[in-house]
Amino acid sequence: MNFLRKNIELSILLITILAVAVWQIVFIIQLPDGDTDAYAHFIIARDVVRNWSNLSLHWVWLPLFHYIGVFFVLIGSEMQSIRYINVIVWKAIPLLLYFNLKKKEPESLIPVSAALLTALSPIGILMGTTAQPEPLFALLILLFIISFDKGKFIISAFILAISCMLRYEAWAVLMGIALYILISIIKEKSLKLSAFKKSYSVYYVILLPALTIICWSVLRYLSDGQWFVFLHGTQKFASDALKQNNSIDGGIFGLIKDLFFYPFWIPFIFTGITVLLAPLGLKKFYPENKVLFVTGISILIFISVSWMMKANLGLNRHFTSIIPFYSVMAADGLYILNEYSKKYKLFKSGKLIPLAASVIILVYSVMWLYIWRINNETSFVDRKAAVSFLSRIYNTESDKNILILSNEPVVEVLSRIDYKLFDHFWMEDNKETSDYILHLKKTNKNFYIITNSKLEQFLKQFGVVIFESALDTKNPDRIIILKI
C-alpha cells in the first residue's frame, strides 16, 4: 500500500485497468462474442487441424491467428479461452505504454495520461472481450516500436515478421519503416546510419518481414494455383458487401467522408471532442516518438486507403492498433493546451482542462460499454434458437452418427457440439454444391444442413426444413436447418 501511495499515477492506472478488466470478464461470462469474424477464425482453426496442408483454408486472412486457434482446438478448449486471454493482452498495452513513456519523461503527466486514454478506449475494451486478433496485433506493434526505439533491431525484426503473418496492417508498417530508413540514408548519404547506432542490423527490420511475406505468398500460390488470391478475395468480398468499388462512386461528398473516416470520424465517435487534442499535440509528439509516428501513420494510411478502395468493410476494430498512437498525441495535445491556458485566470490552476477531458473520456467510455452490452444481449437471437434446436437433435442421436453441413460458424461454436461432426463446404446454388450434397448422402450418417434462408428453395430438393428462425427486421435472412 505504501508503494501505491507513493506512486499515485501508477495506482490510478492500475485501478482503472482492474475496473475495466472486471467489466470485461463479466461481459465474457454473461454474453457471447458479438463479432462474427471471431467465430469464422475459430472454425478455420478447426479445419486446419483436420487438413494441415491446405493453406487455402485461411481464405482472405493471414495464418498466424488460426494457428493460435489450432492450439486451443488441440487441447479441447473452446473459443471462450481466447476471449479471456485477450483481456490480459489488452491490459498489457497501457502498462507497457506507461513505463516506456515514463523513461522518456519521468516528471511529466503525459505517460499516465496516454496510458489512461488507451486503457479507457471503448474500441480497445470491446476488442479485449472478443476472440479476434486485434489486441494481440496492437501489443506486437507496441513491442516492435519499443524494441526498435531501443536499437534492438533483430528483436524488432522478428516481432514485425510475426506481425506480418497476423494482420495486413503490419505490411504497411514494413513499408513505412522502409521509407523512414530510406529517407535517413538520403539525408546521411551513408548505409551506416547514426540515427540507428550505425548498425547494419537495422536492415533486418526490412529483410526478415519482407522474406516472411514472400514465403507466405509463394506457399499460397502453390496451394491456390494463383498469385495473391487472398488479397483479391479481400477486395472482392468487401466491394460486393458494400456494393461499391471505391469512394469515388459515392461522389465528392462520399470521397471526403471516407477520407476522414478513420483519421477523424471513428475517434470522434468514441472519444468526442477530445480527438481534437491529437493534432494539437503533433508538434510535440513527432520529435519524441518518431517510430511510433511512422508506425501509426502507416497503419492509418493503410486502413484509410483500403476503406476508400472498398477493400475493407470500414469496421471500427481496424482502429484498434493505432489507439496508443492517438492516445500519446492526445496526451501531448492536452499538455500543450493546459500549459497555454494557464495564462488565463480561469485556467491558472492547470486542473480545469484535464478534469474536463477526464469527464468527457469517462462519459464516452461508460456510454459505449453500456451500448455494446445492450447490443450483445439482443444479438444472435436467430442463431441461439438454432443452437437450442440443434442441441436437442444432437442429444437425441444416441449413436452420434451424424454429419452437419454448416455455413453458420456462430451456430457451430455456440452449440459446443464435437467439431468433428461438422463439414464446412461453402454452399451456393450451383452444380458443385448439388454434387457434394449427393456425395454426402451416400454416407451412412444422419445428415443435416445449417445455412441461411437464401438457399432454402435450392436445398429443399435434397431434404425437408425442420427448423427456421423467426423473422427479424434487422436481418431478413433466417437461419434454417434441413434433414437430408
# chains A, B, ... in the order shown; residues from 1 in each chain; ligands from 1
$ closest_atom_pairs --of "stretch 311-339 of chain A" --to "stretch 269-275 of chain A" --cutoff "12 Å" --atoms "only C-alpha atoms" --output "Markdown table"
| residue | atom | partner | partner_atom | distance |
| --- | --- | --- | --- | --- |
| A:Asn316 | CA | A:Phe270 | CA | 9.7 |
| A:Arg317 | CA | A:Phe270 | CA | 11.7 |
| A:Phe319 | CA | A:Phe270 | CA | 11.0 |
| A:Thr320 | CA | A:Phe270 | CA | 11.8 |
| A:Ile323 | CA | A:Thr271 | CA | 11.2 |
| A:Phe325 | CA | A:Val275 | CA | 11.9 |
| A:Tyr326 | CA | A:Val275 | CA | 8.1 |
| A:Ser327 | CA | A:Val275 | CA | 9.1 |
| A:Val328 | CA | A:Val275 | CA | 11.4 |
| A:Met329 | CA | A:Val275 | CA | 9.4 |
| A:Ala330 | CA | A:Val275 | CA | 6.9 |
| A:Ala331 | CA | A:Thr274 | CA | 9.8 |
| A:Asp332 | CA | A:Thr274 | CA | 11.8 |
| A:Gly333 | CA | A:Thr274 | CA | 9.4 |
| A:Leu334 | CA | A:Thr274 | CA | 8.7 |
| A:Leu337 | CA | A:Thr274 | CA | 11.5 |
$ residues_around --residues "stretch 91-95 of chain A" --least-positions-apart "5" --cutoff "7 Å" --atoms "only C-alpha atoms" --output "VMD selection string"
chain A and resid 17 115 to 116 118 to 119 139
$ write_last_selection --atoms "N, CA and C atoms" --output "PDB file, in the first residue's frame"
ATOM      1  N   ILE A  17      -7.318  -0.066 -14.874  1.00  0.00           N
ATOM      2  CA  ILE A  17      -7.147  -1.305 -15.632  1.00  0.00           C
ATOM      3  C   ILE A  17      -7.908  -2.447 -14.968  1.00  0.00           C
ATOM      4  N   ALA A 115      -1.549   6.492 -21.151  1.00  0.00           N
ATOM      5  CA  ALA A 115      -1.897   5.133 -20.732  1.00  0.00           C
ATOM      6  C   ALA A 115      -3.368   5.037 -20.340  1.00  0.00           C
ATOM      7  N   LEU A 116      -3.875   6.048 -19.637  1.00  0.00           N
ATOM      8  CA  LEU A 116      -5.287   6.047 -19.241  1.00  0.00           C
ATOM      9  C   LEU A 116      -6.207   6.176 -20.450  1.00  0.00           C
ATOM     10  N   THR A 118      -5.567   5.094 -23.380  1.00  0.00           N
ATOM     11  CA  THR A 118      -5.534   3.785 -24.027  1.00  0.00           C
ATOM     12  C   THR A 118      -6.393   2.782 -23.258  1.00  0.00           C
ATOM     13  N   ALA A 119      -6.225   2.765 -21.938  1.00  0.00           N
ATOM     14  CA  ALA A 119      -6.967   1.806 -21.102  1.00  0.00           C
ATOM     15  C   ALA A 119      -8.467   2.016 -21.177  1.00  0.00           C
ATOM     16  N   LEU A 139      -0.584  -5.235 -29.378  1.00  0.00           N
ATOM     17  CA  LEU A 139       0.518  -5.481 -28.438  1.00  0.00           C
ATOM     18  C   LEU A 139       1.829  -5.705 -29.189  1.00  0.00           C
TER      19      LEU A 139
END
$ select_by_dssp --residues "stretch 61-265 of chain A" --states "helix (DSSP H, G or I)" --output "count of residues only"
159
$ residues_around --residues "stretch 373-381 of chain A" --least-positions-apart "4" --cutoff "12 Å" --atoms "only C-alpha atoms" --output "ChimeraX atom specification"
/A:23-24,26-28,30-36,122,125-126,129-130,366-369,385-388,408-411,414,469-475,478-479
$ closest_residue --among "A:Tyr419, A:Ile402, A:Met309, A:Thr433" --to "A:Asp249" --atoms "only C-alpha atoms"
A:Met309
$ atom_distance --atom1 "atom CA of A:Ile449" --atom2 "atom CA of A:Ser406"
5.9 Å
$ closest_residue --among "A:Ile155, A:Ala178, A:Ala195, A:Ile266" --to "A:Ser304" --atoms "only C-alpha atoms"
A:Ile266
$ closest_residue --among "A:Phe230, A:Ile141, A:Ile162, A:Ala241" --to "A:Leu208" --atoms "only C-alpha atoms"
A:Ile162
$ residues_around --residues "A:Val48" --least-positions-apart "4" --cutoff "9 Å" --atoms "only C-alpha atoms" --output "PyMOL selection string"
chain A and resi 43-44+52-55+57-58+66-67+70
$ atom_distance --atom1 "atom CA of A:Leu120" --atom2 "atom CA of A:Ala311"
29.2 Å
$ residues_around --residues "A:Leu390" --least-positions-apart "6" --cutoff "12 Å" --atoms "only C-alpha atoms" --output "PDB file with C-alpha atoms, in the first residue's frame"
ATOM      1  CA  ARG A 383     -28.614 -18.296 -34.083  1.00  0.00           C
ATOM      2  CA  LYS A 384     -29.270 -19.002 -30.395  1.00  0.00           C
ATOM      3  CA  THR A 396     -31.446 -37.476 -29.159  1.00  0.00           C
ATOM      4  CA  GLU A 397     -28.950 -39.105 -31.554  1.00  0.00           C
ATOM      5  CA  ILE A 402     -24.450 -37.595 -37.631  1.00  0.00           C
ATOM      6  CA  LEU A 403     -22.931 -35.196 -40.136  1.00  0.00           C
ATOM      7  CA  ILE A 404     -23.766 -31.478 -40.170  1.00  0.00           C
ATOM      8  CA  SER A 406     -22.751 -25.925 -41.838  1.00  0.00           C
ATOM      9  CA  VAL A 411     -24.237 -21.757 -34.504  1.00  0.00           C
ATOM     10  CA  GLU A 412     -21.469 -24.356 -34.607  1.00  0.00           C
ATOM     11  CA  VAL A 413     -19.271 -22.738 -31.953  1.00  0.00           C
ATOM     12  CA  LEU A 414     -22.101 -21.831 -29.572  1.00  0.00           C
ATOM     13  CA  SER A 415     -23.584 -25.328 -29.845  1.00  0.00           C
ATOM     14  CA  ARG A 416     -20.427 -26.871 -28.262  1.00  0.00           C
ATOM     15  CA  ILE A 417     -21.084 -29.981 -30.355  1.00  0.00           C
ATOM     16  CA  TYR A 448     -28.285 -32.192 -41.548  1.00  0.00           C
ATOM     17  CA  ILE A 449     -27.670 -28.814 -43.176  1.00  0.00           C
ATOM     18  CA  ILE A 450     -27.463 -25.430 -41.420  1.00  0.00           C
ATOM     19  CA  ILE A 466     -37.105 -28.965 -39.788  1.00  0.00           C
ATOM     20  CA  PHE A 467     -36.244 -25.574 -38.256  1.00  0.00           C
ATOM     21  CA  GLU A 468     -36.415 -21.941 -39.281  1.00  0.00           C
ATOM     22  CA  ILE A 479     -31.423 -19.497 -40.177  1.00  0.00           C
ATOM     23  CA  ILE A 480     -32.737 -22.853 -41.432  1.00  0.00           C
ATOM     24  CA  ILE A 481     -31.899 -26.458 -40.569  1.00  0.00           C
ATOM     25  CA  LEU A 482     -32.713 -29.258 -43.014  1.00  0.00           C
ATOM     26  CA  LYS A 483     -32.713 -33.002 -42.517  1.00  0.00           C
TER      27      LYS A 483
END
$ atom_distance --atom1 "atom CA of A:Arg392" --atom2 "atom CA of A:Ile75"
25.9 Å
$ residues_around --residues "stretch 170-176 of chain A" --least-positions-apart "3" --cutoff "10 Å" --atoms "only C-alpha atoms" --output "VMD selection string"
chain A and resid 137 140 to 141 157 160 to 167 179 to 182 205 to 207 209 to 210 213 291 293 to 303 321
$ write_last_selection --atoms "N, CA and C atoms" --output "compact mmCIF listing (two decimals), in the first residue's frame"
# COMPACT_ATOMS: atom_id res chain seq x y z
N PHE A 137 -2.33 -8.07 -32.02
CA PHE A 137 -1.63 -7.28 -33.03
C PHE A 137 -1.21 -5.93 -32.45
N LEU A 140 1.79 -6.51 -30.25
CA LEU A 140 3.01 -6.77 -31.03
C LEU A 140 3.55 -5.49 -31.66
N ILE A 141 2.68 -4.65 -32.17
CA ILE A 141 3.12 -3.40 -32.79
C ILE A 141 3.76 -2.49 -31.75
N ALA A 157 12.82 -6.92 -35.67
CA ALA A 157 12.61 -7.56 -36.97
C ALA A 157 11.76 -8.82 -36.82
N LEU A 160 8.12 -7.80 -36.02
CA LEU A 160 7.41 -7.32 -37.21
C LEU A 160 7.11 -8.46 -38.17
N ALA A 161 8.05 -9.41 -38.30
CA ALA A 161 7.82 -10.56 -39.17
C ALA A 161 6.63 -11.38 -38.68
N ILE A 162 6.55 -11.58 -37.39
CA ILE A 162 5.41 -12.29 -36.79
C ILE A 162 4.11 -11.51 -37.05
N SER A 163 4.18 -10.21 -36.87
CA SER A 163 3.00 -9.35 -37.08
C SER A 163 2.52 -9.41 -38.52
N CYS A 164 3.47 -9.58 -39.47
CA CYS A 164 3.12 -9.64 -40.88
C CYS A 164 2.33 -10.91 -41.24
N MET A 165 2.34 -11.88 -40.34
CA MET A 165 1.52 -13.07 -40.53
C MET A 165 0.24 -13.03 -39.69
N LEU A 166 0.00 -11.89 -39.07
CA LEU A 166 -1.20 -11.74 -38.24
C LEU A 166 -2.22 -10.81 -38.87
N ARG A 167 -1.75 -9.61 -39.30
CA ARG A 167 -2.66 -8.67 -39.94
C ARG A 167 -1.93 -7.91 -41.04
N LEU A 179 10.58 3.20 -45.78
CA LEU A 179 10.66 4.57 -46.29
C LEU A 179 11.40 5.46 -45.30
N TYR A 180 11.15 5.27 -44.02
CA TYR A 180 11.81 6.04 -42.95
C TYR A 180 13.33 5.81 -43.00
N ILE A 181 13.74 4.56 -43.19
CA ILE A 181 15.17 4.24 -43.28
C ILE A 181 15.77 4.81 -44.56
N LEU A 182 15.02 4.72 -45.66
CA LEU A 182 15.49 5.25 -46.94
C LEU A 182 15.72 6.76 -46.86
N VAL A 205 15.15 -5.37 -40.06
CA VAL A 205 13.76 -4.95 -39.84
C VAL A 205 13.00 -4.89 -41.16
N ILE A 206 13.72 -4.71 -42.25
CA ILE A 206 13.10 -4.75 -43.58
C ILE A 206 13.17 -6.15 -44.17
N LEU A 207 14.34 -6.75 -44.08
CA LEU A 207 14.59 -8.01 -44.78
C LEU A 207 13.78 -9.18 -44.22
N PRO A 209 10.88 -9.37 -42.28
CA PRO A 209 9.43 -9.34 -42.58
C PRO A 209 9.15 -9.49 -44.08
N ALA A 210 9.98 -8.87 -44.93
CA ALA A 210 9.77 -8.99 -46.37
C ALA A 210 9.92 -10.44 -46.81
N ILE A 213 6.81 -12.39 -45.83
CA ILE A 213 5.68 -12.13 -46.74
C ILE A 213 5.87 -12.88 -48.06
N VAL A 291 9.32 6.75 -34.25
CA VAL A 291 8.96 5.39 -34.68
C VAL A 291 7.48 5.14 -34.48
N PHE A 293 5.24 7.43 -34.55
CA PHE A 293 4.58 8.23 -35.59
C PHE A 293 4.57 7.50 -36.92
N VAL A 294 5.75 7.01 -37.34
CA VAL A 294 5.85 6.31 -38.63
C VAL A 294 4.94 5.09 -38.65
N THR A 295 4.95 4.34 -37.55
CA THR A 295 4.11 3.13 -37.46
C THR A 295 2.63 3.49 -37.49
N GLY A 296 2.25 4.44 -36.64
CA GLY A 296 0.85 4.83 -36.56
C GLY A 296 0.32 5.42 -37.85
N ILE A 297 1.10 6.30 -38.48
CA ILE A 297 0.62 6.94 -39.71
C ILE A 297 0.58 5.93 -40.85
N SER A 298 1.48 4.94 -40.84
CA SER A 298 1.47 3.90 -41.87
C SER A 298 0.18 3.08 -41.79
N ILE A 299 -0.18 2.68 -40.57
CA ILE A 299 -1.41 1.91 -40.38
C ILE A 299 -2.64 2.76 -40.73
N LEU A 300 -2.61 4.02 -40.31
CA LEU A 300 -3.74 4.92 -40.58
C LEU A 300 -3.94 5.11 -42.08
N ILE A 301 -2.86 5.31 -42.81
CA ILE A 301 -2.96 5.46 -44.26
C ILE A 301 -3.48 4.17 -44.90
N PHE A 302 -2.96 3.03 -44.40
CA PHE A 302 -3.36 1.74 -44.97
C PHE A 302 -4.85 1.49 -44.79
N ILE A 303 -5.36 1.66 -43.58
CA ILE A 303 -6.78 1.37 -43.36
C ILE A 303 -7.67 2.39 -44.05
N SER A 321 -5.25 -0.97 -33.41
CA SER A 321 -3.79 -0.96 -33.30
C SER A 321 -3.20 0.45 -33.23
$ closest_residue --among "A:Ile85, A:Met127, A:Ile361, A:Leu292" --to "A:Ile177" --atoms "only C-alpha atoms"
A:Leu292
$ residues_around --residues "A:Phe261" --least-positions-apart "3" --cutoff "10 Å" --atoms "only C-alpha atoms" --output "PyMOL selection string"
chain A and resi 255-258+264-268+303-304+307-308+314+316
$ decode --residues "stretch 159-196 of chain A" --atoms "N, CA and C atoms" --output "PDB file, in the first residue's frame"
ATOM      1  N   ILE A 159       9.663  -9.463 -34.356  1.00  0.00           N
ATOM      2  CA  ILE A 159       8.308  -9.062 -33.947  1.00  0.00           C
ATOM      3  C   ILE A 159       7.501  -8.602 -35.158  1.00  0.00           C
ATOM      4  N   LEU A 160       8.123  -7.803 -36.024  1.00  0.00           N
ATOM      5  CA  LEU A 160       7.407  -7.320 -37.207  1.00  0.00           C
ATOM      6  C   LEU A 160       7.112  -8.459 -38.175  1.00  0.00           C
ATOM      7  N   ALA A 161       8.052  -9.405 -38.302  1.00  0.00           N
ATOM      8  CA  ALA A 161       7.824 -10.563 -39.173  1.00  0.00           C
ATOM      9  C   ALA A 161       6.634 -11.381 -38.684  1.00  0.00           C
ATOM     10  N   ILE A 162       6.548 -11.577 -37.385  1.00  0.00           N
ATOM     11  CA  ILE A 162       5.410 -12.287 -36.794  1.00  0.00           C
ATOM     12  C   ILE A 162       4.115 -11.511 -37.054  1.00  0.00           C
ATOM     13  N   SER A 163       4.178 -10.206 -36.870  1.00  0.00           N
ATOM     14  CA  SER A 163       3.002  -9.353 -37.080  1.00  0.00           C
ATOM     15  C   SER A 163       2.521  -9.412 -38.523  1.00  0.00           C
ATOM     16  N   CYS A 164       3.470  -9.585 -39.466  1.00  0.00           N
ATOM     17  CA  CYS A 164       3.115  -9.643 -40.885  1.00  0.00           C
ATOM     18  C   CYS A 164       2.333 -10.908 -41.238  1.00  0.00           C
ATOM     19  N   MET A 165       2.337 -11.875 -40.336  1.00  0.00           N
ATOM     20  CA  MET A 165       1.523 -13.073 -40.532  1.00  0.00           C
ATOM     21  C   MET A 165       0.243 -13.028 -39.694  1.00  0.00           C
ATOM     22  N   LEU A 166      -0.005 -11.891 -39.074  1.00  0.00           N
ATOM     23  CA  LEU A 166      -1.196 -11.736 -38.237  1.00  0.00           C
ATOM     24  C   LEU A 166      -2.216 -10.808 -38.870  1.00  0.00           C
ATOM     25  N   ARG A 167      -1.755  -9.613 -39.297  1.00  0.00           N
ATOM     26  CA  ARG A 167      -2.664  -8.666 -39.938  1.00  0.00           C
ATOM     27  C   ARG A 167      -1.932  -7.906 -41.038  1.00  0.00           C
ATOM     28  N   TYR A 168      -2.675  -7.528 -42.076  1.00  0.00           N
ATOM     29  CA  TYR A 168      -2.069  -6.842 -43.217  1.00  0.00           C
ATOM     30  C   TYR A 168      -1.543  -5.457 -42.853  1.00  0.00           C
ATOM     31  N   GLU A 169      -2.056  -4.869 -41.793  1.00  0.00           N
ATOM     32  CA  GLU A 169      -1.558  -3.557 -41.378  1.00  0.00           C
ATOM     33  C   GLU A 169      -0.055  -3.588 -41.120  1.00  0.00           C
ATOM     34  N   ALA A 170       0.468  -4.744 -40.722  1.00  0.00           N
ATOM     35  CA  ALA A 170       1.912  -4.874 -40.485  1.00  0.00           C
ATOM     36  C   ALA A 170       2.691  -4.719 -41.784  1.00  0.00           C
ATOM     37  N   TRP A 171       2.081  -5.086 -42.909  1.00  0.00           N
ATOM     38  CA  TRP A 171       2.737  -4.887 -44.199  1.00  0.00           C
ATOM     39  C   TRP A 171       2.912  -3.391 -44.469  1.00  0.00           C
ATOM     40  N   ALA A 172       1.920  -2.615 -44.043  1.00  0.00           N
ATOM     41  CA  ALA A 172       2.021  -1.160 -44.186  1.00  0.00           C
ATOM     42  C   ALA A 172       3.109  -0.601 -43.275  1.00  0.00           C
ATOM     43  N   VAL A 173       3.215  -1.171 -42.076  1.00  0.00           N
ATOM     44  CA  VAL A 173       4.279  -0.747 -41.158  1.00  0.00           C
ATOM     45  C   VAL A 173       5.647  -1.020 -41.778  1.00  0.00           C
ATOM     46  N   LEU A 174       5.799  -2.185 -42.397  1.00  0.00           N
ATOM     47  CA  LEU A 174       7.047  -2.526 -43.072  1.00  0.00           C
ATOM     48  C   LEU A 174       7.391  -1.486 -44.136  1.00  0.00           C
ATOM     49  N   MET A 175       6.409  -1.103 -44.949  1.00  0.00           N
ATOM     50  CA  MET A 175       6.651  -0.100 -45.990  1.00  0.00           C
ATOM     51  C   MET A 175       6.988   1.258 -45.378  1.00  0.00           C
ATOM     52  N   GLY A 176       6.300   1.607 -44.295  1.00  0.00           N
ATOM     53  CA  GLY A 176       6.560   2.884 -43.635  1.00  0.00           C
ATOM     54  C   GLY A 176       7.958   2.945 -43.040  1.00  0.00           C
ATOM     55  N   ILE A 177       8.372   1.874 -42.372  1.00  0.00           N
ATOM     56  CA  ILE A 177       9.705   1.824 -41.764  1.00  0.00           C
ATOM     57  C   ILE A 177      10.784   1.811 -42.845  1.00  0.00           C
ATOM     58  N   ALA A 178      10.524   1.086 -43.945  1.00  0.00           N
ATOM     59  CA  ALA A 178      11.483   1.052 -45.059  1.00  0.00           C
ATOM     60  C   ALA A 178      11.674   2.456 -45.635  1.00  0.00           C
ATOM     61  N   LEU A 179      10.579   3.196 -45.784  1.00  0.00           N
ATOM     62  CA  LEU A 179      10.662   4.570 -46.291  1.00  0.00           C
ATOM     63  C   LEU A 179      11.403   5.465 -45.297  1.00  0.00           C
ATOM     64  N   TYR A 180      11.145   5.271 -44.021  1.00  0.00           N
ATOM     65  CA  TYR A 180      11.814   6.036 -42.953  1.00  0.00           C
ATOM     66  C   TYR A 180      13.329   5.806 -43.002  1.00  0.00           C
ATOM     67  N   ILE A 181      13.741   4.563 -43.186  1.00  0.00           N
ATOM     68  CA  ILE A 181      15.170   4.239 -43.276  1.00  0.00           C
ATOM     69  C   ILE A 181      15.769   4.809 -44.562  1.00  0.00           C
ATOM     70  N   LEU A 182      15.018   4.716 -45.663  1.00  0.00           N
ATOM     71  CA  LEU A 182      15.488   5.250 -46.940  1.00  0.00           C
ATOM     72  C   LEU A 182      15.722   6.759 -46.860  1.00  0.00           C
ATOM     73  N   ILE A 183      14.806   7.470 -46.234  1.00  0.00           N
ATOM     74  CA  ILE A 183      14.968   8.924 -46.071  1.00  0.00           C
ATOM     75  C   ILE A 183      16.211   9.222 -45.230  1.00  0.00           C
ATOM     76  N   SER A 184      16.451   8.412 -44.204  1.00  0.00           N
ATOM     77  CA  SER A 184      17.649   8.586 -43.369  1.00  0.00           C
ATOM     78  C   SER A 184      18.913   8.355 -44.178  1.00  0.00           C
ATOM     79  N   ILE A 185      18.883   7.361 -45.088  1.00  0.00           N
ATOM     80  CA  ILE A 185      20.039   7.091 -45.957  1.00  0.00           C
ATOM     81  C   ILE A 185      20.313   8.285 -46.871  1.00  0.00           C
ATOM     82  N   ILE A 186      19.254   8.845 -47.433  1.00  0.00           N
ATOM     83  CA  ILE A 186      19.402  10.004 -48.328  1.00  0.00           C
ATOM     84  C   ILE A 186      19.961  11.202 -47.566  1.00  0.00           C
ATOM     85  N   LYS A 187      19.470  11.404 -46.341  1.00  0.00           N
ATOM     86  CA  LYS A 187      19.934  12.535 -45.533  1.00  0.00           C
ATOM     87  C   LYS A 187      21.391  12.388 -45.135  1.00  0.00           C
ATOM     88  N   GLU A 188      21.760  11.198 -44.700  1.00  0.00           N
ATOM     89  CA  GLU A 188      23.114  10.984 -44.189  1.00  0.00           C
ATOM     90  C   GLU A 188      24.101  10.540 -45.263  1.00  0.00           C
ATOM     91  N   LYS A 189      23.568  10.162 -46.444  1.00  0.00           N
ATOM     92  CA  LYS A 189      24.393   9.711 -47.560  1.00  0.00           C
ATOM     93  C   LYS A 189      25.320   8.571 -47.147  1.00  0.00           C
ATOM     94  N   SER A 190      24.730   7.646 -46.377  1.00  0.00           N
ATOM     95  CA  SER A 190      25.507   6.502 -45.889  1.00  0.00           C
ATOM     96  C   SER A 190      24.553   5.375 -45.531  1.00  0.00           C
ATOM     97  N   LEU A 191      25.073   4.122 -45.633  1.00  0.00           N
ATOM     98  CA  LEU A 191      24.275   2.968 -45.228  1.00  0.00           C
ATOM     99  C   LEU A 191      24.430   2.686 -43.740  1.00  0.00           C
ATOM    100  N   LYS A 192      25.490   3.223 -43.128  1.00  0.00           N
ATOM    101  CA  LYS A 192      25.674   3.108 -41.671  1.00  0.00           C
ATOM    102  C   LYS A 192      25.129   4.382 -41.044  1.00  0.00           C
ATOM    103  N   LEU A 193      23.922   4.298 -40.517  1.00  0.00           N
ATOM    104  CA  LEU A 193      23.171   5.485 -40.117  1.00  0.00           C
ATOM    105  C   LEU A 193      23.356   5.807 -38.646  1.00  0.00           C
ATOM    106  N   SER A 194      23.692   7.051 -38.361  1.00  0.00           N
ATOM    107  CA  SER A 194      23.859   7.470 -36.965  1.00  0.00           C
ATOM    108  C   SER A 194      22.534   7.415 -36.217  1.00  0.00           C
ATOM    109  N   ALA A 195      21.430   7.591 -36.951  1.00  0.00           N
ATOM    110  CA  ALA A 195      20.102   7.535 -36.329  1.00  0.00           C
ATOM    111  C   ALA A 195      19.797   6.147 -35.782  1.00  0.00           C
ATOM    112  N   PHE A 196      20.507   5.144 -36.297  1.00  0.00           N
ATOM    113  CA  PHE A 196      20.282   3.762 -35.875  1.00  0.00           C
ATOM    114  C   PHE A 196      21.576   3.116 -35.378  1.00  0.00           C
TER     115      PHE A 196
END
